[in-house]
>>> print(open('data-v7.tsv').read())   # TSV, C-alpha atoms
chain	number	residue	atom	x	y	z
J	360	MET	CA	-16.10	21.67	-2.74
J	361	LYS	CA	-14.42	21.42	0.64
J	362	PRO	CA	-10.75	22.36	0.87
J	363	THR	CA	-8.25	19.51	0.92
J	364	ARG	CA	-7.11	18.66	4.46
J	365	ALA	CA	-5.40	15.31	3.92
J	366	ILE	CA	-3.64	13.09	1.41
J	367	VAL	CA	-3.85	9.31	1.53
J	368	PHE	CA	-1.15	7.46	-0.39
J	369	ASP	CA	-0.99	3.94	-1.70
J	370	ALA	CA	2.39	2.41	-0.75
J	371	PHE	CA	3.88	0.27	-3.53
J	372	GLY	CA	4.17	1.87	-6.95
J	373	THR	CA	3.27	5.23	-5.40
J	374	LEU	CA	5.69	5.96	-2.55
J	375	ILE	CA	7.82	2.82	-2.56
J	376	ARG	CA	9.50	0.95	-5.39
J	377	TYR	CA	11.03	-2.50	-5.64
J	378	THR	CA	14.66	-2.68	-6.75
J	379	THR	CA	14.49	-6.49	-6.80
J	380	ARG	CA	11.33	-8.54	-7.13
J	381	PRO	CA	11.71	-12.27	-6.39
J	382	ALA	CA	8.00	-12.31	-5.36
J	383	PRO	CA	8.19	-14.73	-2.43
J	384	TYR	CA	4.43	-14.99	-1.99
J	385	GLY	CA	4.21	-16.23	-5.58
J	386	ARG	CA	5.86	-19.46	-4.44
J	387	LEU	CA	2.99	-20.27	-2.08
J	388	VAL	CA	1.12	-23.22	-3.54
J	389	ASP	CA	-1.26	-25.76	-2.02
J	390	THR	CA	-0.63	-29.52	-2.00
J	391	ALA	CA	-2.15	-29.79	-5.50
J	392	GLY	CA	0.32	-27.18	-6.80
J	393	ARG	CA	-2.29	-24.41	-7.18
J	394	PRO	CA	-1.14	-20.88	-6.29
J	395	VAL	CA	-2.63	-19.51	-3.09
J	396	ASP	CA	-5.22	-16.76	-3.39
J	397	ARG	CA	-3.26	-13.50	-3.27
J	398	PHE	CA	-6.17	-11.74	-1.55
J	399	ALA	CA	-5.99	-14.22	1.34
J	400	CYS	CA	-2.35	-13.25	1.96
J	401	LEU	CA	-3.17	-9.53	1.96
J	402	THR	CA	-5.96	-9.77	4.53
J	403	ARG	CA	-4.43	-12.02	7.19
J	404	ASN	CA	-2.28	-10.73	10.03
J	405	VAL	CA	0.08	-13.72	9.92
J	406	PRO	CA	3.57	-14.24	8.50
J	407	MET	CA	4.19	-16.04	5.22
J	408	ALA	CA	5.63	-18.98	7.17
J	409	THR	CA	2.28	-19.58	8.88
J	410	ILE	CA	0.48	-19.67	5.54
J	411	ALA	CA	3.16	-21.98	4.08
J	412	VAL	CA	2.75	-24.44	6.97
J	413	GLU	CA	-1.05	-24.33	6.64
J	414	LEU	CA	-0.71	-25.18	2.94
J	415	GLY	CA	1.81	-27.94	3.54
J	416	ALA	CA	4.40	-25.92	1.60
J	417	GLU	CA	7.01	-25.69	4.35
J	418	SER	CA	9.56	-27.51	2.16
J	419	SER	CA	9.86	-24.30	0.10
J	420	LEU	CA	10.02	-22.02	3.13
J	421	ASP	CA	13.83	-21.52	3.13
J	422	ILE	CA	13.72	-20.27	-0.48
J	423	MET	CA	10.62	-18.13	0.14
J	424	GLU	CA	12.15	-16.52	3.24
J	425	ALA	CA	15.41	-15.79	1.39
J	426	ASP	CA	13.38	-14.22	-1.44
J	427	LEU	CA	11.38	-12.20	1.08
J	428	ALA	CA	14.53	-10.90	2.79
J	429	GLU	CA	15.98	-9.92	-0.60
J	430	GLU	CA	12.79	-8.16	-1.68
J	431	LEU	CA	12.40	-6.26	1.62
J	432	SER	CA	16.06	-5.16	1.63
J	433	GLY	CA	15.60	-3.70	-1.85
J	434	LEU	CA	12.62	-1.46	-1.07
J	435	ARG	CA	13.29	2.24	-1.74
J	436	LEU	CA	11.31	5.46	-1.87
J	437	PHE	CA	10.74	6.97	-5.30
J	438	PRO	CA	13.11	9.97	-5.70
J	439	GLU	CA	10.45	12.70	-5.25
J	440	VAL	CA	8.70	11.22	-2.20
J	441	ALA	CA	10.68	12.89	0.60
J	442	ASP	CA	10.16	16.32	-0.98
J	443	VAL	CA	6.43	15.70	-1.59
J	444	LEU	CA	5.89	14.59	2.03
J	445	SER	CA	7.85	17.60	3.29
J	446	LYS	CA	5.79	20.03	1.19
J	447	ALA	CA	2.54	18.37	2.25
J	448	ARG	CA	3.52	18.68	5.92
J	449	ALA	CA	4.54	22.32	5.42
J	450	ALA	CA	1.09	22.94	3.89
J	451	GLY	CA	-0.49	21.57	7.07
J	452	LEU	CA	-1.97	18.49	5.42
J	453	ARG	CA	-2.60	15.27	7.33
J	454	LEU	CA	-0.96	12.23	5.72
J	455	ALA	CA	-1.67	8.52	5.61
J	456	VAL	CA	-0.79	5.33	3.81
J	457	CYS	CA	-3.66	3.05	2.83
J	458	SER	CA	-2.34	-0.05	1.12
J	459	ASN	CA	-2.93	-3.68	0.27
J	460	LEU	CA	0.02	-5.61	1.57
J	461	ALA	CA	1.07	-8.77	3.36
J	462	TYR	CA	2.23	-9.01	6.96
J	463	GLU	CA	5.99	-8.69	6.43
J	464	TYR	CA	5.70	-5.48	4.41
J	465	GLY	CA	4.05	-3.40	7.16
J	466	PRO	CA	7.22	-2.71	9.18
J	467	ALA	CA	9.08	-1.83	5.96
J	468	VAL	CA	6.39	0.68	4.96
J	469	ARG	CA	6.38	2.25	8.42
J	470	SER	CA	10.18	2.59	8.44
J	471	LEU	CA	10.38	4.03	4.91
J	472	VAL	CA	7.60	6.58	5.54
J	473	PRO	CA	7.68	7.15	9.30
J	474	GLU	CA	5.64	9.62	11.31
J	475	LEU	CA	2.57	9.74	9.12
J	476	ASP	CA	-0.75	10.44	10.81
J	477	ALA	CA	-2.23	7.05	9.93
J	478	TYR	CA	-1.46	3.67	8.41
J	479	VAL	CA	-4.34	1.56	7.10
J	480	LEU	CA	-2.84	-1.73	5.98
J	481	SER	CA	-4.98	-4.53	4.57
J	482	TYR	CA	-3.37	-7.34	6.57
J	483	GLU	CA	-4.10	-5.48	9.82
J	484	VAL	CA	-7.75	-4.67	9.05
J	485	GLY	CA	-8.78	-7.88	7.28
J	486	VAL	CA	-10.07	-6.30	4.07
J	487	ALA	CA	-8.34	-4.93	0.99
J	488	LYS	CA	-8.92	-2.04	-1.38
J	489	PRO	CA	-11.26	-1.37	-3.09
J	490	HIS	CA	-13.39	-2.40	-0.09
J	491	PRO	CA	-14.91	0.84	1.29
J	492	THR	CA	-13.77	-0.05	4.83
J	493	MET	CA	-10.21	0.80	3.81
J	494	TYR	CA	-11.17	4.34	2.77
J	495	ARG	CA	-13.52	4.78	5.74
J	496	LEU	CA	-10.75	3.87	8.18
J	497	ALA	CA	-8.26	6.19	6.48
J	498	CYS	CA	-10.66	9.14	6.73
J	499	ALA	CA	-11.60	8.28	10.32
J	500	GLU	CA	-7.97	8.00	11.44
J	501	LEU	CA	-7.15	11.32	9.77
J	502	GLY	CA	-10.24	13.00	11.24
J	503	CYS	CA	-11.28	14.22	7.79
J	504	ALA	CA	-14.40	13.88	5.70
J	505	PRO	CA	-13.98	11.94	2.44
J	506	ALA	CA	-14.51	15.11	0.38
J	507	GLU	CA	-11.60	16.78	2.24
J	508	THR	CA	-9.26	13.89	1.44
J	509	VAL	CA	-7.29	13.14	-1.73
J	510	PHE	CA	-6.31	9.54	-2.42
J	511	VAL	CA	-3.35	9.02	-4.75
J	512	GLY	CA	-2.03	5.76	-6.12
J	513	ASP	CA	-1.05	3.75	-9.16
J	514	SER	CA	-4.04	1.38	-9.35
J	515	LYS	CA	-7.01	2.74	-11.30
J	516	ARG	CA	-9.42	0.33	-9.57
J	517	CYS	CA	-8.12	0.55	-5.98
J	518	ASP	CA	-6.65	4.06	-5.80
J	519	PHE	CA	-8.93	6.03	-8.12
J	520	ASP	CA	-12.28	4.33	-8.73
J	521	GLY	CA	-12.63	2.96	-5.16
J	522	PRO	CA	-11.87	6.23	-3.35
J	523	GLN	CA	-14.08	8.23	-5.74
J	524	ALA	CA	-16.98	5.85	-5.15
J	525	PHE	CA	-16.47	6.46	-1.41
J	526	GLY	CA	-16.65	10.24	-1.91
J	527	MET	CA	-12.95	11.05	-1.78
J	528	GLN	CA	-11.03	13.09	-4.29
J	529	ALA	CA	-8.69	10.80	-6.20
J	530	ARG	CA	-5.62	11.09	-8.37
J	531	TRP	CA	-4.32	8.25	-10.49
J	532	LEU	CA	-0.53	8.09	-10.70
J	533	ASP	CA	0.59	6.76	-14.08
J	534	ARG	CA	4.28	6.04	-13.52
J	535	ARG	CA	4.43	3.87	-16.65
J	536	GLY	CA	3.29	6.92	-18.60
J	537	GLY	CA	6.12	8.98	-17.07
J	538	GLN	CA	4.17	10.67	-14.27
J	539	SER	CA	5.69	11.35	-10.87
J	540	LEU	CA	3.92	11.98	-7.58
J	541	VAL	CA	4.48	15.71	-8.16
J	542	ASP	CA	2.49	15.47	-11.42
J	543	ALA	CA	-0.32	13.47	-9.82
J	544	LEU	CA	-0.68	16.02	-7.00
J	545	ALA	CA	-0.52	19.13	-9.21
J	546	GLY	CA	-2.94	21.74	-7.90
J	547	ILE	CA	-2.86	20.26	-4.40
J	548	LEU	CA	0.80	20.82	-3.49
>>> encode(input="data-v7.tsv", output="C-alpha coordinates")
Amino acid sequence: MKPTRAIVFDAFGTLIRYTTRPAPYGRLVDTAGRPVDRFACLTRNVPMATIAVELGAESSLDIMEADLAEELSGLRLFPEVADVLSKARAAGLRLAVCSNLAYEYGPAVRSLVPELDAYVLSYEVGVAKPHPTMYRLACAELGCAPAETVFVGDSKRCDFDGPQAFGMQARWLDRRGGQSLVDALAGIL
(Lines of atoms letter the chains of each structure in order from A and count residues from 1; the text may use other names and numbers.)
(Lines give C-alpha, C1' and ligand atoms only; values in the text may rest on other atoms or scores of the structure.)
Protein backbone atom coordinates (compact mmCIF):
# COMPACT_ATOMS: atom_id res chain seq x y z
CA MET A 1 0.00 0.00 0.00
CA LYS A 2 1.25 3.45 -0.92
CA PRO A 3 1.85 5.93 1.91
CA THR A 4 -0.84 8.53 2.51
CA ARG A 5 0.02 11.88 0.88
CA ALA A 6 -3.33 13.68 1.08
CA ILE A 7 -6.63 13.93 2.92
CA VAL A 8 -9.85 14.92 1.21
CA PHE A 9 -12.62 16.10 3.51
CA ASP A 10 -16.34 16.37 3.00
CA ALA A 11 -17.52 19.80 4.21
CA PHE A 12 -20.86 19.65 6.06
CA GLY A 13 -21.12 17.18 8.91
CA THR A 14 -17.37 16.59 8.70
CA LEU A 15 -15.58 19.95 9.00
CA ILE A 16 -18.52 22.34 9.26
CA ARG A 17 -21.66 22.21 11.38
CA TYR A 18 -24.93 24.10 11.24
CA THR A 19 -25.94 26.00 14.38
CA THR A 20 -29.28 26.93 12.78
CA ARG A 21 -30.94 25.06 9.95
CA PRO A 22 -33.88 26.87 8.30
CA ALA A 23 -33.09 24.93 5.07
CA PRO A 24 -33.82 27.66 2.51
CA TYR A 25 -33.51 25.37 -0.49
CA GLY A 26 -36.28 23.23 0.98
CA ARG A 27 -38.71 26.05 0.19
CA LEU A 28 -38.03 25.79 -3.54
CA VAL A 29 -41.14 24.36 -5.16
CA ASP A 30 -42.42 24.39 -8.74
CA THR A 31 -45.75 25.92 -9.79
CA ALA A 32 -47.53 22.64 -8.90
CA GLY A 33 -46.08 22.80 -5.37
CA ARG A 34 -43.62 19.93 -5.88
CA PRO A 35 -40.20 20.31 -4.20
CA VAL A 36 -37.34 20.96 -6.59
CA ASP A 37 -34.86 18.15 -7.16
CA ARG A 38 -32.12 18.69 -4.55
CA PHE A 39 -29.50 17.25 -6.93
CA ALA A 40 -30.31 19.96 -9.49
CA CYS A 41 -29.49 22.66 -6.91
CA LEU A 42 -26.16 21.02 -6.02
CA THR A 43 -24.90 20.79 -9.59
CA ARG A 44 -25.73 24.24 -10.98
CA ASN A 45 -23.43 27.24 -10.64
CA VAL A 46 -26.30 29.68 -10.09
CA PRO A 47 -27.75 31.36 -7.00
CA MET A 48 -30.95 30.18 -5.34
CA ALA A 49 -32.72 33.30 -6.64
CA THR A 50 -32.13 32.22 -10.25
CA ILE A 51 -33.64 28.81 -9.57
CA ALA A 52 -36.59 30.40 -7.75
CA VAL A 53 -37.32 32.69 -10.70
CA GLU A 54 -37.04 29.76 -13.14
CA LEU A 55 -39.59 27.83 -11.05
CA GLY A 56 -41.93 30.78 -10.73
CA ALA A 57 -41.33 30.78 -6.96
CA GLU A 58 -40.05 34.34 -6.66
CA SER A 59 -42.92 35.23 -4.29
CA SER A 60 -41.12 33.19 -1.59
CA LEU A 61 -37.70 34.64 -2.37
CA ASP A 62 -37.60 37.17 0.51
CA ILE A 63 -38.23 34.40 3.06
CA MET A 64 -35.78 32.01 1.36
CA GLU A 65 -33.03 34.65 1.24
CA ALA A 66 -33.57 35.53 4.92
CA ASP A 67 -33.37 31.82 5.79
CA LEU A 68 -30.22 31.47 3.68
CA ALA A 69 -28.54 34.43 5.40
CA GLU A 70 -29.44 32.98 8.81
CA GLU A 71 -28.13 29.53 7.90
CA LEU A 72 -24.86 30.86 6.43
CA SER A 73 -24.22 33.13 9.43
CA GLY A 74 -24.57 30.13 11.75
CA LEU A 75 -21.98 27.90 10.08
CA ARG A 76 -19.13 26.89 12.40
CA LEU A 77 -16.19 24.49 12.36
CA PHE A 78 -16.47 21.44 14.58
CA PRO A 79 -14.24 22.00 17.67
CA GLU A 80 -11.41 19.64 16.61
CA VAL A 81 -11.09 20.81 12.99
CA ALA A 82 -8.46 23.55 13.40
CA ASP A 83 -6.18 21.18 15.32
CA VAL A 84 -6.68 18.33 12.81
CA LEU A 85 -5.87 20.61 9.85
CA SER A 86 -2.81 21.97 11.67
CA LYS A 87 -1.51 18.46 12.43
CA ALA A 88 -2.16 17.33 8.86
CA ARG A 89 -0.22 20.32 7.50
CA ALA A 90 2.63 19.68 9.95
CA ALA A 91 2.75 16.07 8.68
CA GLY A 92 3.21 17.42 5.15
CA LEU A 93 -0.14 16.17 3.86
CA ARG A 94 -1.98 17.89 1.02
CA LEU A 95 -5.55 18.85 1.92
CA ALA A 96 -8.78 19.34 0.02
CA VAL A 97 -12.51 19.70 0.44
CA CYS A 98 -14.72 17.67 -1.90
CA SER A 99 -18.36 18.38 -1.19
CA ASN A 100 -21.88 18.43 -2.54
CA LEU A 101 -23.21 21.91 -1.99
CA ALA A 102 -25.21 24.70 -3.56
CA TYR A 103 -23.80 27.93 -4.96
CA GLU A 104 -24.11 30.16 -1.88
CA TYR A 105 -22.25 27.72 0.38
CA GLY A 106 -18.97 27.76 -1.58
CA PRO A 107 -17.68 31.11 -0.28
CA ALA A 108 -18.62 30.08 3.28
CA VAL A 109 -16.66 26.82 2.97
CA ARG A 110 -13.64 28.62 1.54
CA SER A 111 -13.67 31.21 4.34
CA LEU A 112 -14.12 28.65 7.13
CA VAL A 113 -11.34 26.38 5.81
CA PRO A 114 -9.05 28.71 3.87
CA GLU A 115 -5.75 27.89 2.23
CA LEU A 116 -6.42 24.26 1.41
CA ASP A 117 -4.70 22.82 -1.64
CA ALA A 118 -7.95 22.17 -3.51
CA TYR A 119 -11.70 22.68 -3.41
CA VAL A 120 -13.92 20.40 -5.49
CA LEU A 121 -17.46 21.66 -5.08
CA SER A 122 -20.38 20.03 -6.86
CA TYR A 123 -22.03 23.26 -8.01
CA GLU A 124 -18.78 24.33 -9.71
CA VAL A 125 -18.11 21.03 -11.51
CA GLY A 126 -21.68 20.06 -12.46
CA VAL A 127 -21.72 16.62 -10.84
CA ALA A 128 -22.15 15.45 -7.26
CA LYS A 129 -20.70 12.68 -5.13
CA PRO A 130 -20.72 9.73 -5.49
CA HIS A 131 -20.00 10.47 -9.18
CA PRO A 132 -16.37 9.37 -9.78
CA THR A 133 -15.56 12.72 -11.42
CA MET A 134 -15.63 14.34 -7.97
CA TYR A 135 -12.95 11.98 -6.64
CA ARG A 136 -10.93 12.12 -9.87
CA LEU A 137 -10.81 15.93 -9.73
CA ALA A 138 -9.81 15.92 -6.05
CA CYS A 139 -6.90 13.55 -6.72
CA ALA A 140 -5.85 15.47 -9.84
CA GLU A 141 -5.88 18.83 -8.07
CA LEU A 142 -3.86 17.38 -5.19
CA GLY A 143 -1.41 15.68 -7.56
CA CYS A 144 -1.90 12.36 -5.77
CA ALA A 145 -2.92 8.90 -6.88
CA PRO A 146 -6.21 7.63 -5.42
CA ALA A 147 -4.38 5.01 -3.32
CA GLU A 148 -2.29 7.80 -1.71
CA THR A 149 -5.40 9.75 -0.74
CA VAL A 150 -7.76 9.30 2.23
CA PHE A 151 -11.32 10.55 1.91
CA VAL A 152 -13.15 11.28 5.15
CA GLY A 153 -16.77 12.24 5.61
CA ASP A 154 -20.07 11.53 7.29
CA SER A 155 -21.97 9.97 4.36
CA LYS A 156 -21.44 6.22 3.97
CA ARG A 157 -22.50 6.33 0.30
CA CYS A 158 -20.72 9.52 -0.82
CA ASP A 159 -17.69 9.68 1.49
CA PHE A 160 -16.88 6.00 2.04
CA ASP A 161 -18.35 3.72 -0.63
CA GLY A 162 -17.82 6.18 -3.53
CA PRO A 163 -14.16 6.97 -2.77
CA GLN A 164 -13.35 3.29 -2.12
CA ALA A 165 -14.90 2.31 -5.45
CA PHE A 166 -12.62 4.92 -7.06
CA GLY A 167 -9.53 3.39 -5.40
CA MET A 168 -9.10 5.86 -2.55
CA GLN A 169 -8.69 5.00 1.09
CA ALA A 170 -11.81 6.06 2.96
CA ARG A 171 -12.87 6.74 6.51
CA TRP A 172 -16.48 7.08 7.56
CA LEU A 173 -17.06 9.67 10.28
CA ASP A 174 -19.94 8.64 12.54
CA ARG A 175 -20.63 11.81 14.52
CA ARG A 176 -24.04 10.49 15.62
CA GLY A 177 -22.20 7.56 17.18
CA GLY A 178 -19.92 9.96 19.07
CA GLN A 179 -16.94 9.93 16.72
CA SER A 180 -14.85 13.02 16.05
CA LEU A 181 -12.57 13.72 13.10
CA VAL A 182 -9.64 12.68 15.32
CA ASP A 183 -11.23 9.23 15.75
CA ALA A 184 -11.95 8.86 12.04
CA LEU A 185 -8.35 9.71 11.13
CA ALA A 186 -6.71 7.51 13.78
CA GLY A 187 -3.58 5.91 12.33
CA ILE A 188 -3.21 8.66 9.73
CA LEU A 189 -2.61 11.67 12.00
>>> closest_residue(input="data-v7.tsv", among="J:Ala529, J:Val412, J:Gln538, J:Leu471", to="Ala441 of chain J", atoms="only C-alpha atoms")
J:Leu471
>>> residues_around(input="data-v7.tsv", residues="segment 367-380 of chain J", least_positions_apart="2", cutoff="6 Å", atoms="only C-alpha atoms", output="JSON, numbers by chain")
{"J": [382, 430, 433, 434, 435, 436, 437, 454, 455, 456, 457, 458, 510, 511, 512, 513]}
>>> atom_distance(input="data-v7.tsv", atom1="atom CA of Ile410 of chain J", atom2="atom CA of Leu387 of chain J")
8.0 Å
>>> atom_distance(input="data-v7.tsv", atom1="atom CA of Tyr464 of chain J", atom2="atom CA of Trp531 of chain J")
22.6 Å
>>> closest_residue(input="data-v7.tsv", among="J:Pro362, J:Asp389, J:Ser539, J:Lys515", to="Asp442 of chain J", atoms="only C-alpha atoms")
J:Ser539
>>> residues_near_point(input="data-v7.tsv", point="(-2.5, -14.2, -2.1)", cutoff="10 Å", atoms="only C-alpha atoms", output="list in words")
Tyr384, Gly385, Leu387, Val388, Pro394, Val395, Asp396, Arg397, Phe398, Ala399, Cys400, Leu401, Thr402, Arg403, Ile410, Leu460 and Ala461 of chain J
>>> write_last_selection(input="data-v7.tsv", atoms="C-alpha atoms", output="PDB file, in the coordinates of the input")
ATOM      1  CA  TYR J 384       4.430 -14.990  -1.990  1.00  0.00           C
ATOM      2  CA  GLY J 385       4.210 -16.230  -5.580  1.00  0.00           C
ATOM      3  CA  LEU J 387       2.990 -20.270  -2.080  1.00  0.00           C
ATOM      4  CA  VAL J 388       1.120 -23.220  -3.540  1.00  0.00           C
ATOM      5  CA  PRO J 394      -1.140 -20.880  -6.290  1.00  0.00           C
ATOM      6  CA  VAL J 395      -2.630 -19.510  -3.090  1.00  0.00           C
ATOM      7  CA  ASP J 396      -5.220 -16.760  -3.390  1.00  0.00           C
ATOM      8  CA  ARG J 397      -3.260 -13.500  -3.270  1.00  0.00           C
ATOM      9  CA  PHE J 398      -6.170 -11.740  -1.550  1.00  0.00           C
ATOM     10  CA  ALA J 399      -5.990 -14.220   1.340  1.00  0.00           C
ATOM     11  CA  CYS J 400      -2.350 -13.250   1.960  1.00  0.00           C
ATOM     12  CA  LEU J 401      -3.170  -9.530   1.960  1.00  0.00           C
ATOM     13  CA  THR J 402      -5.960  -9.770   4.530  1.00  0.00           C
ATOM     14  CA  ARG J 403      -4.430 -12.020   7.190  1.00  0.00           C
ATOM     15  CA  ILE J 410       0.480 -19.670   5.540  1.00  0.00           C
ATOM     16  CA  LEU J 460       0.020  -5.610   1.570  1.00  0.00           C
ATOM     17  CA  ALA J 461       1.070  -8.770   3.360  1.00  0.00           C
TER      18      ALA J 461
END
>>> residues_around(input="data-v7.tsv", residues="segment 499-501 of chain J", least_positions_apart="2", cutoff="12 Å", atoms="all atoms listed in the file", output="MDAnalysis selection string")
chainID J and resid 364:367 452:457 475:479 492:497 503:505 507:509
>>> atom_distance(input="data-v7.tsv", atom1="atom CA of Met527 of chain J", atom2="atom CA of Gly465 of chain J")
24.0 Å
>>> closest_residue(input="data-v7.tsv", among="J:Glu413, J:Leu544, J:Ser418, J:Leu427", to="Glu439 of chain J", atoms="all atoms listed in the file")
J:Leu544
